[in-house]
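One structure is given below, encoded as structure tokens.
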Amino acid sequence: MASKSKSVPPKASAARLTKPEKARTVPPPITRKPTAEEIAYREALARFENAVKLFNDNQFAKARNSFERLAETATPDLAQRAKVYLNICNQRLARPTVNLKTADDYYNYSVQLANQGNLEEAEQCLTKALKLAPKCDYIHYAMASTLALKDNAEGAMDYLAQAIGLNGRNRYLAQNDPDFSSLSEDPRFTELLYPEKPL
């Protein structure tokens, strides 16, 4: 006798079991017009940020003009920050006029500039020094170290090779000079400093 098969009711789908959620109504954001003080503060803040950018780009004269205006017109907190930057701008711009005549004058001043981190001006002074004394080994060496600090490997090695050609002692100075650390992995630099190294 054949067994009767029980009819199994179809399973309700998961979608049918879940209750539909009511759509949430998000209230629109409350918008209000900014006050005159808020608008003025935003404009002053934008001018302050522009002045800081000029300062970071070493455009101290332009930055000083902006900070001067902000120190007089901005809100107390921005005015105070502007005054701090203004003092630094004044210090940077109050550099005494230097009377440079000889190659050594330019060389000594370039060393001072490089020590202050002003590598662009240092390079310019050394260029002038080399025009006056093209065979001076220590000026070539100073130019090489300045360019190495500026990550100009090609220029640094070119001037260092000239410095060594003029005075072999410069090879040994460069071997322990931290200014050339950026070139330490360059095989051309190693070959320049250690030409007698056995194969």
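Ligands are numbered from 1 in the order shown, residues from 1 within each chain, and chains are lettered A, B, ... in the order they appear in the structure tokens.
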
Show me, as number ranges by chain, the residues that have an atom within 10 Å of A:Asp104 when counting only C-alpha atoms, minus same-chain residues fewer than 2 positions from it. A: 100-102, 106-110, 126, 129-130, 132-133, 136, 139

Take the residues that were just selected and, keeping C-alpha atoms, output them as a PDB file, in the first residue's frame.
ATOM      1  CA  LEU A 100      80.757  92.038  -0.177  1.00  0.00           C
ATOM      2  CA  LYS A 101      83.747  92.686  -2.408  1.00  0.00           C
ATOM      3  CA  THR A 102      86.232  89.819  -2.462  1.00  0.00           C
ATOM      4  CA  TYR A 106      81.212  86.041  -0.596  1.00  0.00           C
ATOM      5  CA  TYR A 107      82.498  82.672   0.643  1.00  0.00           C
ATOM      6  CA  ASN A 108      82.301  83.614   4.336  1.00  0.00           C
ATOM      7  CA  TYR A 109      78.843  85.077   3.913  1.00  0.00           C
ATOM      8  CA  SER A 110      77.655  81.974   2.021  1.00  0.00           C
ATOM      9  CA  LEU A 126      79.281  81.063  -3.976  1.00  0.00           C
ATOM     10  CA  ALA A 129      82.853  83.982  -5.309  1.00  0.00           C
ATOM     11  CA  LEU A 130      83.815  81.494  -8.031  1.00  0.00           C
ATOM     12  CA  LEU A 132      86.220  86.137  -8.653  1.00  0.00           C
ATOM     13  CA  ALA A 133      88.345  83.098  -7.752  1.00  0.00           C
ATOM     14  CA  CYS A 136      89.845  78.333  -5.265  1.00  0.00           C
ATOM     15  CA  ILE A 139      84.887  77.581  -2.675  1.00  0.00           C
TER      16      ILE A 139
END

As a PyMOL selection string, list the residues of stretch 143-194 of chain A assigned to helix (DSSP H, G or I) by DSSP on the backbone atoms of this structure. chain A and resi 143-149+153-166+169-175+178-183+187-193

Next, the residues of the selection above should be written as a short mmCIF file (atom, residue, chain, number, x, y, z; two decimals), in the first residue's frame with N, CA and C atoms.
data_model
loop_
_atom_site.label_atom_id
_atom_site.label_comp_id
_atom_site.auth_asym_id
_atom_site.auth_seq_id
_atom_site.Cartn_x
_atom_site.Cartn_y
_atom_site.Cartn_z
N MET A 143 80.53 74.93 -2.54
CA MET A 143 79.43 74.84 -3.51
C MET A 143 78.93 73.40 -3.60
N ALA A 144 79.86 72.44 -3.59
CA ALA A 144 79.48 71.03 -3.65
C ALA A 144 78.61 70.65 -2.45
N SER A 145 79.01 71.07 -1.26
CA SER A 145 78.24 70.71 -0.06
C SER A 145 76.88 71.41 -0.05
N THR A 146 76.83 72.65 -0.54
CA THR A 146 75.56 73.39 -0.60
C THR A 146 74.60 72.69 -1.56
N LEU A 147 75.10 72.29 -2.72
CA LEU A 147 74.24 71.61 -3.70
C LEU A 147 73.81 70.23 -3.19
N ALA A 148 74.69 69.57 -2.44
CA ALA A 148 74.31 68.27 -1.86
C ALA A 148 73.15 68.45 -0.88
N LEU A 149 73.21 69.51 -0.09
CA LEU A 149 72.13 69.79 0.85
C LEU A 149 70.83 70.13 0.14
N ALA A 153 72.40 66.21 -6.79
CA ALA A 153 73.52 65.27 -6.78
C ALA A 153 74.52 65.54 -7.90
N GLU A 154 74.00 65.79 -9.10
CA GLU A 154 74.88 66.01 -10.25
C GLU A 154 75.80 67.21 -10.02
N GLY A 155 75.20 68.34 -9.63
CA GLY A 155 75.98 69.54 -9.39
C GLY A 155 76.98 69.36 -8.26
N ALA A 156 76.53 68.69 -7.20
CA ALA A 156 77.41 68.48 -6.04
C ALA A 156 78.64 67.68 -6.43
N MET A 157 78.46 66.61 -7.18
CA MET A 157 79.59 65.77 -7.55
C MET A 157 80.51 66.47 -8.55
N ASP A 158 79.93 67.30 -9.40
CA ASP A 158 80.74 68.04 -10.36
C ASP A 158 81.67 69.01 -9.63
N TYR A 159 81.11 69.77 -8.69
CA TYR A 159 81.94 70.74 -7.95
C TYR A 159 82.92 70.04 -7.01
N LEU A 160 82.49 68.91 -6.44
CA LEU A 160 83.40 68.19 -5.55
C LEU A 160 84.58 67.63 -6.34
N ALA A 161 84.33 67.14 -7.54
CA ALA A 161 85.42 66.62 -8.39
C ALA A 161 86.41 67.74 -8.69
N GLN A 162 85.89 68.96 -8.95
CA GLN A 162 86.79 70.09 -9.21
C GLN A 162 87.58 70.45 -7.95
N ALA A 163 86.90 70.42 -6.79
CA ALA A 163 87.58 70.74 -5.52
C ALA A 163 88.70 69.75 -5.25
N ILE A 164 88.44 68.46 -5.52
CA ILE A 164 89.46 67.42 -5.30
C ILE A 164 90.60 67.58 -6.30
N GLY A 165 90.24 67.93 -7.55
CA GLY A 165 91.28 68.14 -8.56
C GLY A 165 92.21 69.28 -8.19
N LEU A 166 91.66 70.30 -7.53
CA LEU A 166 92.48 71.45 -7.12
C LEU A 166 93.26 71.19 -5.84
N ARG A 169 93.28 67.06 -0.65
CA ARG A 169 92.83 66.97 0.75
C ARG A 169 91.30 67.00 0.85
N ASN A 170 90.65 67.62 -0.14
CA ASN A 170 89.18 67.71 -0.10
C ASN A 170 88.50 66.35 -0.20
N ARG A 171 89.19 65.37 -0.80
CA ARG A 171 88.63 64.02 -0.88
C ARG A 171 88.45 63.46 0.53
N TYR A 172 89.44 63.67 1.38
CA TYR A 172 89.37 63.12 2.75
C TYR A 172 88.39 63.91 3.62
N LEU A 173 88.27 65.19 3.35
CA LEU A 173 87.29 66.00 4.09
C LEU A 173 85.87 65.52 3.77
N ALA A 174 85.63 65.23 2.49
CA ALA A 174 84.28 64.83 2.07
C ALA A 174 83.88 63.47 2.62
N GLN A 175 84.88 62.61 2.88
CA GLN A 175 84.58 61.26 3.37
C GLN A 175 83.86 61.29 4.71
N PRO A 178 79.06 65.30 6.90
CA PRO A 178 77.64 64.93 6.88
C PRO A 178 76.82 65.66 5.82
N ASP A 179 77.36 66.76 5.28
CA ASP A 179 76.63 67.49 4.23
C ASP A 179 76.43 66.62 2.99
N PHE A 180 77.29 65.61 2.83
CA PHE A 180 77.20 64.76 1.64
C PHE A 180 76.45 63.45 1.91
N SER A 181 75.75 63.36 3.03
CA SER A 181 75.07 62.10 3.38
C SER A 181 74.02 61.70 2.35
N SER A 182 73.43 62.67 1.66
CA SER A 182 72.41 62.35 0.65
C SER A 182 73.01 61.63 -0.55
N LEU A 183 74.34 61.70 -0.70
CA LEU A 183 75.01 61.07 -1.85
C LEU A 183 75.65 59.74 -1.50
N PRO A 187 76.89 55.26 -6.31
CA PRO A 187 78.19 54.64 -6.61
C PRO A 187 79.19 55.62 -7.21
N ARG A 188 78.71 56.62 -7.93
CA ARG A 188 79.63 57.62 -8.51
C ARG A 188 80.31 58.43 -7.42
N PHE A 189 79.58 58.70 -6.35
CA PHE A 189 80.13 59.43 -5.21
C PHE A 189 81.20 58.59 -4.51
N THR A 190 80.89 57.30 -4.33
CA THR A 190 81.86 56.38 -3.70
C THR A 190 83.13 56.29 -4.53
N GLU A 191 82.95 56.19 -5.84
CA GLU A 191 84.11 56.09 -6.73
C GLU A 191 84.96 57.37 -6.68
N LEU A 192 84.26 58.51 -6.53
CA LEU A 192 84.97 59.79 -6.47
C LEU A 192 85.80 59.90 -5.19
N LEU A 193 85.26 59.40 -4.09
CA LEU A 193 85.95 59.52 -2.80
C LEU A 193 86.96 58.41 -2.55
#

Atom CA of A:Thr127 sits from atom CA of A:Val111 at a separation of 12.8 Å

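Among the candidate residues A:Lys53, A:Arg47, A:Arg81, A:His140, the one lying nearest to A:Ser66 is A:Arg47, with distances computed using only C-alpha atoms.
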
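Nearest to A:Glu121 of all the residues A:Phe67, A:Tyr41, A:Leu86, A:Asn58 is A:Asn58, counting only C-alpha atoms.
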
One decimal, Å: what's the distance from atom CA of A:Ala51 over to atom CA of A:Ile88, could you say? 12.6 Å

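Separating atom CA of A:Val98 from atom CA of A:Glu68 is a distance of 26.9 Å.
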
Within 12 Å of A:Asn65 using only C-alpha atoms, minus same-chain residues under 6 positions, as a PyMOL selection string: chain A and resi 47-48+50-52+54-55+59+71-72+82-83+85-87+89-90

Saved selection, atoms kept: N, CA and C atoms, as a JSON list (two decimals), in the first residue's frame:
[["chain", "number", "residue", "atom", "x", "y", "z"],
["A", 47, "ARG", "N", 42.44, 85.69, 4.90],
["A", 47, "ARG", "CA", 43.61, 86.57, 4.69],
["A", 47, "ARG", "C", 44.80, 86.09, 5.53],
["A", 48, "PHE", "N", 44.50, 85.61, 6.74],
["A", 48, "PHE", "CA", 45.57, 85.11, 7.62],
["A", 48, "PHE", "C", 46.23, 83.87, 6.99],
["A", 50, "ASN", "N", 46.37, 83.08, 3.83],
["A", 50, "ASN", "CA", 47.15, 83.52, 2.67],
["A", 50, "ASN", "C", 48.48, 84.12, 3.10],
["A", 51, "ALA", "N", 48.45, 84.90, 4.19],
["A", 51, "ALA", "CA", 49.67, 85.52, 4.71],
["A", 51, "ALA", "C", 50.65, 84.46, 5.21],
["A", 52, "VAL", "N", 50.13, 83.42, 5.85],
["A", 52, "VAL", "CA", 51.00, 82.33, 6.34],
["A", 52, "VAL", "C", 51.64, 81.61, 5.15],
["A", 54, "LEU", "N", 52.38, 82.96, 2.24],
["A", 54, "LEU", "CA", 53.46, 83.85, 1.78],
["A", 54, "LEU", "C", 54.68, 83.72, 2.69],
["A", 55, "PHE", "N", 54.43, 83.67, 3.99],
["A", 55, "PHE", "CA", 55.51, 83.53, 4.97],
["A", 55, "PHE", "C", 56.28, 82.24, 4.73],
["A", 59, "GLN", "N", 58.32, 84.87, 1.32],
["A", 59, "GLN", "CA", 57.97, 86.19, 0.78],
["A", 59, "GLN", "C", 57.60, 87.09, 1.96],
["A", 71, "ALA", "N", 46.80, 92.53, 12.21],
["A", 71, "ALA", "CA", 47.08, 92.89, 13.61],
["A", 71, "ALA", "C", 46.23, 94.08, 14.06],
["A", 72, "GLU", "N", 45.84, 94.92, 13.11],
["A", 72, "GLU", "CA", 45.05, 96.11, 13.44],
["A", 72, "GLU", "C", 43.54, 95.87, 13.35],
["A", 82, "ALA", "N", 48.70, 87.07, 14.31],
["A", 82, "ALA", "CA", 49.29, 87.88, 13.24],
["A", 82, "ALA", "C", 50.50, 88.65, 13.76],
["A", 83, "LYS", "N", 50.43, 89.14, 15.01],
["A", 83, "LYS", "CA", 51.54, 89.91, 15.60],
["A", 83, "LYS", "C", 52.78, 89.02, 15.77],
["A", 85, "TYR", "N", 53.65, 86.43, 13.88],
["A", 85, "TYR", "CA", 54.24, 86.29, 12.55],
["A", 85, "TYR", "C", 54.86, 87.61, 12.09],
["A", 86, "LEU", "N", 54.23, 88.72, 12.44],
["A", 86, "LEU", "CA", 54.73, 90.03, 12.04],
["A", 86, "LEU", "C", 56.12, 90.28, 12.63],
["A", 87, "ASN", "N", 56.31, 89.91, 13.88],
["A", 87, "ASN", "CA", 57.63, 90.07, 14.53],
["A", 87, "ASN", "C", 58.70, 89.25, 13.82],
["A", 89, "CYS", "N", 58.63, 88.25, 10.66],
["A", 89, "CYS", "CA", 58.87, 88.89, 9.35],
["A", 89, "CYS", "C", 59.83, 90.06, 9.49],
["A", 90, "ASN", "N", 59.60, 90.88, 10.52],
["A", 90, "ASN", "CA", 60.47, 92.05, 10.74],
["A", 90, "ASN", "C", 61.91, 91.63, 11.02]]
